[in-house]
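Below is work-v7.cif, holding mmCIF, C-alpha atoms.
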```cif
data_entry
loop_
_atom_site.label_atom_id
_atom_site.label_comp_id
_atom_site.auth_asym_id
_atom_site.auth_seq_id
_atom_site.Cartn_x
_atom_site.Cartn_y
_atom_site.Cartn_z
CA MET A 905 2.55 91.75 -38.68
CA ALA A 906 5.32 89.61 -37.22
CA LYS A 907 5.09 85.87 -37.73
CA LYS A 908 4.20 84.13 -34.49
CA ILE A 909 6.24 81.05 -33.60
CA ALA A 910 5.84 78.48 -30.82
CA LEU A 911 9.04 76.79 -29.69
CA VAL A 912 7.62 73.55 -28.34
CA THR A 913 9.15 72.28 -25.12
CA TYR A 914 8.20 70.13 -22.10
CA GLN A 915 7.02 70.73 -18.56
CA VAL A 916 9.83 69.54 -16.28
CA GLN A 917 12.67 71.59 -17.71
CA GLU A 918 15.38 70.19 -15.45
CA LYS A 919 14.57 66.52 -15.99
CA TYR A 920 16.64 66.24 -19.16
CA SER A 921 19.61 68.28 -20.22
CA ALA A 922 22.06 68.49 -23.10
CA GLY A 923 25.09 68.93 -20.86
CA VAL A 924 25.94 72.47 -21.91
CA ASN A 925 26.12 75.65 -19.88
CA ASP A 926 23.87 77.71 -22.12
CA ASN A 927 20.14 77.35 -22.68
CA GLU A 928 19.73 76.85 -26.40
CA ASP A 929 15.96 77.34 -26.25
CA THR A 930 16.12 80.80 -24.71
CA GLN A 931 19.06 81.77 -26.91
CA LEU A 932 17.16 80.73 -30.03
CA GLN A 933 14.06 82.55 -28.83
CA ALA A 934 16.05 85.77 -28.36
CA TRP A 935 17.79 85.37 -31.73
CA LEU A 936 14.54 84.91 -33.62
CA GLN A 937 12.92 87.80 -31.77
CA ASP A 938 15.83 90.00 -32.83
CA LYS A 939 14.99 88.97 -36.40
CA GLY A 940 11.47 90.32 -35.97
CA LEU A 941 9.57 87.13 -35.13
CA ALA A 942 7.20 86.81 -32.19
CA VAL A 943 8.37 83.71 -30.32
CA GLU A 944 6.90 81.93 -27.30
CA MET A 945 7.99 78.82 -25.42
CA VAL A 946 4.98 76.48 -25.18
CA VAL A 947 4.74 73.09 -23.44
CA TRP A 948 3.46 70.52 -25.92
CA ASN A 949 0.84 68.98 -23.63
CA ASN A 950 -0.40 72.22 -22.07
CA PRO A 951 -4.20 71.98 -22.43
CA ALA A 952 -4.51 75.77 -22.31
CA ALA A 953 -2.22 76.38 -25.29
CA GLU A 954 -3.89 78.14 -28.22
CA TRP A 955 -1.96 76.52 -31.04
CA THR A 956 -4.01 78.02 -33.86
CA ALA A 957 -2.68 81.44 -32.87
CA PHE A 958 0.77 80.47 -34.21
CA ASP A 959 2.06 80.49 -37.76
CA ALA A 960 4.26 77.51 -36.91
CA ALA A 961 5.01 75.23 -33.96
CA ILE A 962 8.64 74.10 -33.93
CA LEU A 963 9.53 70.99 -31.94
CA LYS A 964 12.51 72.35 -30.04
CA SER A 965 12.71 70.39 -26.79
CA PRO A 966 9.69 68.16 -26.03
CA TRP A 967 12.20 65.84 -24.40
CA ASP A 968 9.70 63.76 -22.45
CA TYR A 969 7.72 62.56 -25.50
CA HIS A 970 9.20 59.05 -25.26
CA GLU A 971 7.66 58.63 -21.80
CA GLN A 972 4.16 59.00 -23.25
CA PRO A 973 4.49 58.37 -26.99
CA ASP A 974 0.81 57.66 -27.66
CA ALA A 975 -0.20 60.99 -26.13
CA PHE A 976 2.50 62.72 -28.16
CA TYR A 977 1.33 61.11 -31.40
CA ALA A 978 -2.27 62.06 -30.62
CA TRP A 979 -1.18 65.65 -30.00
CA LEU A 980 0.64 65.76 -33.34
CA ARG A 981 -2.43 64.48 -35.18
CA ALA A 982 -4.63 66.98 -33.34
CA MET A 983 -2.30 69.75 -34.49
CA GLU A 984 -2.76 68.56 -38.06
CA GLN A 985 -6.52 68.52 -37.71
CA GLN A 986 -6.45 72.08 -36.39
CA GLY A 987 -4.38 73.18 -39.37
CA VAL A 988 -1.33 74.08 -37.28
CA ARG A 989 1.97 73.84 -39.14
CA VAL A 990 4.37 71.66 -37.16
CA LEU A 991 8.09 71.56 -37.90
CA ASN A 992 9.24 68.96 -38.48
CA SER A 993 6.08 67.46 -39.95
CA PRO A 994 4.03 65.00 -37.85
CA ASP A 995 4.43 62.20 -40.41
CA ARG A 996 8.21 62.61 -40.37
CA VAL A 997 8.34 62.83 -36.59
CA ILE A 998 6.17 59.77 -35.93
CA TRP A 999 8.22 57.72 -38.39
CA ASN A 1000 11.44 58.88 -36.74
CA SER A 1001 10.26 58.19 -33.19
CA ASN A 1002 10.63 54.43 -33.59
CA LYS A 1003 14.14 53.16 -34.23
CA LYS A 1004 12.71 50.58 -36.63
CA TYR A 1005 13.42 53.29 -39.19
CA LEU A 1006 17.07 52.18 -39.08
CA VAL A 1007 16.09 48.93 -40.78
CA GLU A 1008 14.29 50.88 -43.51
CA ILE A 1009 17.30 53.11 -44.09
CA ALA A 1010 19.62 50.10 -44.21
CA GLY A 1011 17.30 48.53 -46.78
CA SER A 1012 17.85 51.53 -49.01
CA GLY A 1013 21.53 50.70 -49.27
CA LEU A 1014 22.89 53.49 -47.07
CA PRO A 1015 25.41 52.38 -44.42
CA VAL A 1016 23.78 51.75 -41.03
CA ILE A 1017 25.15 49.91 -38.02
CA PRO A 1018 23.69 46.37 -38.42
CA THR A 1019 20.34 46.22 -36.64
CA VAL A 1020 18.02 43.34 -35.70
CA LEU A 1021 14.54 43.97 -34.32
CA LEU A 1022 13.51 42.18 -31.12
CA PRO A 1023 9.69 42.39 -31.14
CA ARG A 1024 7.80 42.83 -27.90
CA GLY A 1025 7.15 39.50 -26.22
CA SER A 1026 9.72 37.60 -28.29
CA ARG A 1027 12.50 35.46 -26.85
CA PRO A 1028 15.30 35.91 -29.38
CA ASP A 1029 18.40 33.75 -29.59
CA LEU A 1030 20.77 36.41 -28.33
CA ALA A 1031 23.79 34.11 -28.43
CA ALA A 1032 23.41 33.68 -32.19
CA LEU A 1033 23.88 37.42 -32.75
CA TYR A 1034 27.52 37.30 -31.63
CA THR A 1035 28.25 34.73 -34.32
CA GLN A 1036 26.20 36.58 -36.92
CA TRP A 1037 28.17 39.78 -36.39
CA ASN A 1038 31.51 38.24 -35.39
CA THR A 1039 31.58 40.31 -32.23
CA ASP A 1040 32.04 39.72 -28.51
CA LYS A 1041 29.64 42.48 -27.42
CA ILE A 1042 26.17 43.57 -28.49
CA VAL A 1043 24.03 46.57 -27.59
CA VAL A 1044 20.32 46.18 -26.83
CA LYS A 1045 18.04 49.23 -26.68
CA PRO A 1046 14.32 50.11 -26.85
CA CYS A 1047 12.88 51.08 -30.23
CA VAL A 1048 11.24 54.13 -28.65
CA SER A 1049 13.60 55.85 -26.24
CA ALA A 1050 15.94 58.76 -25.72
CA GLY A 1051 19.13 59.43 -23.83
CA ALA A 1052 20.32 55.79 -23.77
CA LYS A 1053 17.40 54.82 -21.51
CA ASN A 1054 17.41 51.03 -20.83
CA THR A 1055 20.33 50.61 -23.22
CA LEU A 1056 22.40 47.56 -22.32
CA LEU A 1057 25.90 46.49 -23.31
CA LEU A 1058 26.05 42.68 -23.27
CA PRO A 1059 29.47 40.98 -23.40
CA GLN A 1060 29.27 37.51 -24.88
CA ASP A 1061 30.39 35.84 -21.67
CA GLU A 1062 27.46 37.44 -19.78
CA VAL A 1063 24.61 36.82 -22.19
CA THR A 1064 23.41 33.57 -20.64
CA ALA A 1065 23.36 35.03 -17.14
CA ARG A 1066 21.57 38.19 -18.29
CA GLN A 1067 19.14 36.63 -20.75
CA ALA A 1068 16.24 36.78 -18.28
CA GLU A 1069 16.93 40.48 -17.71
CA VAL A 1070 16.75 41.17 -21.44
CA TYR A 1071 13.62 39.05 -21.94
CA ALA A 1072 11.91 40.98 -19.13
CA LEU A 1073 12.59 44.24 -20.94
CA ILE A 1074 11.44 42.87 -24.31
CA ALA A 1075 8.24 41.66 -22.67
CA GLU A 1076 7.27 45.32 -22.18
CA GLU A 1077 8.15 46.87 -25.55
CA ASP A 1078 9.97 46.43 -28.86
CA TYR A 1079 13.75 46.42 -28.71
CA LEU A 1080 16.58 46.24 -31.21
CA ALA A 1081 20.06 44.76 -31.08
CA GLN A 1082 23.27 45.94 -32.72
CA PRO A 1083 26.89 44.85 -32.60
CA TYR A 1084 29.10 46.92 -30.36
CA LEU A 1085 31.60 48.76 -32.55
CA PRO A 1086 34.74 49.83 -30.67
CA GLU A 1087 35.06 52.89 -32.91
CA VAL A 1088 32.43 54.56 -30.73
CA GLU A 1089 35.15 54.93 -28.10
CA GLN A 1090 36.90 57.32 -30.48
CA GLY A 1091 33.79 59.43 -30.76
CA GLU A 1092 30.36 59.75 -32.34
CA TRP A 1093 30.02 62.37 -35.05
CA SER A 1094 27.02 64.68 -35.30
CA PHE A 1095 26.28 66.60 -38.49
CA LEU A 1096 23.68 69.38 -38.29
CA PHE A 1097 21.51 70.38 -41.26
CA PHE A 1098 18.98 73.19 -41.56
CA GLY A 1099 16.64 73.20 -44.52
CA GLY A 1100 18.69 70.34 -45.94
CA GLN A 1101 21.89 72.42 -45.93
CA PHE A 1102 24.92 71.43 -43.87
CA SER A 1103 25.61 73.82 -41.00
CA HIS A 1104 28.19 72.40 -38.58
CA SER A 1105 29.57 69.26 -36.97
CA LEU A 1106 30.91 68.07 -33.65
CA LEU A 1107 32.41 65.00 -32.04
CA LYS A 1108 30.88 63.42 -28.91
CA VAL A 1109 33.17 61.16 -26.89
CA PRO A 1110 32.24 58.72 -24.09
CA LYS A 1111 34.17 58.62 -20.86
CA ASP A 1112 36.86 55.98 -20.54
CA GLY A 1113 35.32 52.54 -20.15
CA ASP A 1114 31.85 53.55 -21.38
CA PHE A 1115 30.13 53.63 -24.77
CA ARG A 1116 27.40 56.20 -24.11
CA VAL A 1117 28.18 59.74 -25.21
CA GLN A 1118 25.46 61.52 -23.20
CA HIS A 1119 26.90 63.94 -20.64
CA TYR A 1120 25.01 62.32 -17.74
CA HIS A 1121 26.93 59.15 -18.52
CA GLY A 1122 30.19 61.10 -18.44
CA GLY A 1123 30.43 61.90 -22.15
CA THR A 1124 31.87 65.13 -23.53
CA PHE A 1125 31.73 66.92 -26.87
CA ARG A 1126 33.84 69.31 -28.87
CA THR A 1127 33.40 71.17 -32.10
CA ALA A 1128 35.24 69.41 -34.88
CA ALA A 1129 35.45 69.86 -38.61
CA SER A 1130 34.93 66.71 -40.61
CA THR A 1131 35.80 66.22 -44.27
CA ALA A 1132 33.71 67.30 -47.23
CA ALA A 1133 33.34 63.62 -48.13
CA PHE A 1134 31.77 62.70 -44.78
CA GLU A 1135 29.59 65.81 -44.81
CA GLU A 1136 28.25 64.67 -48.18
CA LYS A 1137 27.66 61.15 -46.88
CA ALA A 1138 25.68 62.58 -43.95
CA ALA A 1139 23.72 64.80 -46.32
CA GLU A 1140 22.53 61.76 -48.28
CA TYR A 1141 20.58 60.48 -45.26
CA VAL A 1142 18.86 63.86 -45.00
CA ARG A 1143 18.07 64.02 -48.72
CA ARG A 1144 16.54 60.57 -48.78
CA PHE A 1145 14.87 60.36 -45.38
CA GLY A 1146 14.67 63.92 -44.06
CA ALA A 1147 13.52 65.88 -47.08
CA ASP A 1148 11.60 69.07 -46.32
CA THR A 1149 12.81 69.21 -42.71
CA LEU A 1150 13.69 72.42 -40.92
CA TYR A 1151 16.35 70.66 -38.87
CA ALA A 1152 18.12 67.31 -38.90
CA ARG A 1153 21.01 65.80 -37.00
CA VAL A 1154 22.88 62.84 -38.42
CA ASP A 1155 24.73 60.84 -35.75
CA GLY A 1156 27.18 58.12 -36.62
CA LEU A 1157 30.69 56.78 -36.46
CA ILE A 1158 33.50 56.21 -38.89
CA ARG A 1159 34.82 52.71 -39.44
CA ASP A 1160 37.32 51.70 -42.11
CA ASP A 1161 36.88 55.12 -43.71
CA GLU A 1162 33.10 54.65 -44.03
CA PHE A 1163 30.40 56.58 -42.18
CA TYR A 1164 27.81 54.39 -40.44
CA LEU A 1165 24.53 55.85 -39.24
CA MET A 1166 23.65 55.44 -35.58
CA GLU A 1167 20.67 57.81 -35.43
CA LEU A 1168 18.88 60.19 -37.77
CA GLU A 1169 17.45 62.78 -35.37
CA LEU A 1170 14.41 64.60 -36.79
CA ILE A 1171 12.27 65.14 -33.68
CA GLU A 1172 13.89 67.22 -30.94
CA PRO A 1173 17.68 66.99 -31.23
CA TYR A 1174 19.92 69.40 -29.40
CA LEU A 1175 21.36 71.50 -32.20
CA TYR A 1176 24.56 72.88 -30.61
CA LEU A 1177 23.81 76.21 -32.28
CA SER A 1178 26.21 78.19 -30.11
CA THR A 1179 29.16 75.96 -31.03
CA ALA A 1180 29.20 77.19 -34.64
CA PRO A 1181 29.80 80.80 -35.74
CA GLN A 1182 26.85 80.67 -38.15
CA GLY A 1183 24.69 78.17 -36.27
CA PHE A 1184 21.85 80.51 -35.33
CA GLU A 1185 21.98 82.33 -38.66
CA ASN A 1186 21.84 79.07 -40.62
CA TYR A 1187 18.81 78.01 -38.60
CA TYR A 1188 17.07 81.33 -39.19
CA LYS A 1189 17.70 81.25 -42.93
CA ALA A 1190 16.10 77.80 -43.16
CA LEU A 1191 13.15 78.86 -41.01
CA ARG A 1192 12.60 81.96 -43.12
CA HIS A 1193 12.19 79.72 -46.17
CA PHE A 1194 9.53 77.64 -44.38
CA LEU A 1195 7.62 80.76 -43.34
CA GLN A 1196 7.39 82.25 -46.83
#
```
Mind turning this structure into C-alpha cells?
Amino acid sequence: MAKKIALVTYQVQEKYSAGVNDNEDTQLQAWLQDKGLAVEMVVWNNPAAEWTAFDAAILKSPWDYHEQPDAFYAWLRAMEQQGVRVLNSPDRVIWNSNKKYLVEIAGSGLPVIPTVLLPRGSRPDLAALYTQWNTDKIVVKPCVSAGAKNTLLLPQDEVTARQAEVYALIAEEDYLAQPYLPEVEQGEWSFLFFGGQFSHSLLKVPKDGDFRVQHYHGGTFRTAASTAAFEEKAAEYVRRFGADTLYARVDGLIRDDEFYLMELELIEPYLYLSTAPQGFENYYKALRHFLQ
C-alpha cells in the first residue's frame, strides 16, 4: 500500500507568496505522486483533518503560523500525542520558531550576525548598540515573525526620534537587534539541504535602496553556485542544529570571506525546488529515507 503523506499548508493561500510563478506545493505533490506516494494538501488548523490517517505530515507551507504561534505549538504537541510523525519534528520546529535560537548558535562558536535580545516590555539603550557594533544603522525585528514583518532599519541619526516607536513594538513582544551589514545589498545566500545533504543554492538580492530580499519588498533571486567551502560552512549549521531534518535552508551573507548566518530555516521555508535540476529528486530521496 502506498505511503500516505500530508503536505501541511494554510488556509488563505494568496496571503503570502514566495514571489515565483510556479506553485511549489502542487508541483511537489505531483512529483511525489508520480513516485507512488499518496499525497494530500491539508490545512494545519483544519478541525476536520484526520491526521492519524497519514504516515507523515510534512510542514510545507503553514505560512500563517507566526500570526497564531500558541495555537500552532498546541497543534504540534497534539500531533505528537496522537502519534503522528511530523517533519520536521515538533521540538525542532518550536525551537526554530523563535529567533532567540540565533544567540544559542552564536554561543556554539559558529558565525552569526551579532544579535542582542530586546525582551518584551524592556526599554533598551538603543543608542549604545551603534557604539557596540561600530555601525551607523541597526535592524530591529520580532523574535517570532516571518517575511520581514515589523522589521525596522534604524539609522543612528533617527534613533532618538524613533525610540518611542520601537518601545511600543517591544511592549507587545520580544524583539532582537542586529547591526546592519551593507553586504546584504550584494545579496543573501540560501543553501538548501535535504536529509542533511546539500542540494542547491541561490542568491536573493534586495531592490536598490532596500535591505529586505522578499519579493513583496522588491527583492529578486537567481540560481547561483557558491563554493565548496561555503557549502561546507552552511552544512555545519545543519549538522549541529538541524540534525535529523528532512529539509533545511541556511540563509546568510558573506563578509570578509566568511559566511555569517542570518536565519536557519527549519519550519516552512520555500525550497526553490524547480530552480535546481535535481531539486525534486533530492527532496524525494531524503523523504524516502524518513519513510523507511
Quick check on the file I pasted: which residues fall under the PyMOL selection byres ((chain A and resi 1021-1034) around 12)? Write them as a PyMOL selection string.
chain A and resi 1002-1008+1018-1020+1035-1048+1058-1084
Choose the residue, out of A:Val1016, A:Val1154, A:Ile1009, A:Leu1170, that has the smallest atom-to-atom separation from Lys964 (chain A); count all atoms listed in the file.
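For Lys964 (chain A), the nearest of the candidates is A:Leu1170.
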On this structure, the PyMOL selection byres ((chain A and resi 968) around 9) would catch which residues? List them as a PyMOL selection string, sorted by chain and number.
chain A and resi 913-916+919-920+965-967+969-973+1050
Nearest to Leu1165 (chain A): which of A:Val990, A:Ala934, A:Leu1195, A:Ala1139 is it, counting all atoms listed in the file?
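Using all atoms listed in the file, the shortest distance to Leu1165 (chain A) belongs to A:Ala1139.
The two atoms in question, CA of Pro994 (chain A) and CA of Lys908 (chain A), are spaced 19.4 Å apart.
With all atoms listed in the file as the basis for measurement, A:Phe1184 is the residue among A:Phe1102, A:Phe1184, A:Phe976, A:Trp955 that approaches Glu928 (chain A) most closely.
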Quick one: apply the PyMOL selection byres ((chain A and resi 931) around 12) to the file and drop the selected residues here as a compact mmCIF listing (two decimals) with C-alpha atoms, in the coordinates of the input.
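The resulting expr-v5.txt:
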```txt
# COMPACT_ATOMS: atom_id res chain seq x y z
CA LEU A 911 9.04 76.79 -29.69
CA ASN A 925 26.12 75.65 -19.88
CA ASP A 926 23.87 77.71 -22.12
CA ASN A 927 20.14 77.35 -22.68
CA GLU A 928 19.73 76.85 -26.40
CA ASP A 929 15.96 77.34 -26.25
CA THR A 930 16.12 80.80 -24.71
CA LEU A 932 17.16 80.73 -30.03
CA GLN A 933 14.06 82.55 -28.83
CA ALA A 934 16.05 85.77 -28.36
CA TRP A 935 17.79 85.37 -31.73
CA LEU A 936 14.54 84.91 -33.62
CA GLN A 937 12.92 87.80 -31.77
CA ASP A 938 15.83 90.00 -32.83
CA VAL A 943 8.37 83.71 -30.32
CA MET A 945 7.99 78.82 -25.42
CA LYS A 964 12.51 72.35 -30.04
CA LEU A 1175 21.36 71.50 -32.20
CA TYR A 1176 24.56 72.88 -30.61
CA LEU A 1177 23.81 76.21 -32.28
CA SER A 1178 26.21 78.19 -30.11
CA GLY A 1183 24.69 78.17 -36.27
CA PHE A 1184 21.85 80.51 -35.33
```
Radius query 12 Å about (3.5, 89.1, -37.5), atoms used: all atoms listed in the file, as a PyMOL selection string:
chain A and resi 905-909+937+939-943+957-960+1195
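For the atom pair formed by CA of Glu954 (chain A) and CA of Tyr977 (chain A), the distance is 18.1 Å, given to one decimal.
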Between CA of Phe1145 (chain A) and CA of Phe1163 (chain A), what is the spacing in Å?
16.3 Å
Quick one: residues within 10 Å of Glu1169 (chain A), all atoms listed in the file, excluding same-chain residues fewer than 6 positions away - as a list in words?
Val997, Asn1000, Ser1001, Ser1094, Leu1096, Val1142, Gly1146, Tyr1151, Ala1152, Arg1153, Val1154 and Asp1155 of chain A
Next, write the just-selected residues to a file, as a PDB file, keeping the file's coordinate frame, keeping C-alpha atoms as the atom set.
```pdb
ATOM      1  CA  VAL A 997       8.340  62.830 -36.590  1.00  0.00           C
ATOM      2  CA  ASN A1000      11.440  58.880 -36.740  1.00  0.00           C
ATOM      3  CA  SER A1001      10.260  58.190 -33.190  1.00  0.00           C
ATOM      4  CA  SER A1094      27.020  64.680 -35.300  1.00  0.00           C
ATOM      5  CA  LEU A1096      23.680  69.380 -38.290  1.00  0.00           C
ATOM      6  CA  VAL A1142      18.860  63.860 -45.000  1.00  0.00           C
ATOM      7  CA  GLY A1146      14.670  63.920 -44.060  1.00  0.00           C
ATOM      8  CA  TYR A1151      16.350  70.660 -38.870  1.00  0.00           C
ATOM      9  CA  ALA A1152      18.120  67.310 -38.900  1.00  0.00           C
ATOM     10  CA  ARG A1153      21.010  65.800 -37.000  1.00  0.00           C
ATOM     11  CA  VAL A1154      22.880  62.840 -38.420  1.00  0.00           C
ATOM     12  CA  ASP A1155      24.730  60.840 -35.750  1.00  0.00           C
TER      13      ASP A1155
END
```
Within 8 Å of Phe1098 (chain A), counting all atoms listed in the file, which residues show up once you throw out same-chain ones fewer than 3 positions away? Write them as number ranges by chain, please.
A: 1101-1103, 1149-1152, 1186-1187, 1190
Kindly indicate which residue among A:Asp1148, A:Glu1140, A:Glu1092, A:Glu1185 lies nearest to Met1166 (chain A), using all atoms listed in the file for the distances.
A:Glu1092
Using all atoms listed in the file, which residue out of A:Leu1057, A:Ile998, A:Leu1014, A:Val1088 lies closest to Ala1138 (chain A)?
A:Leu1014
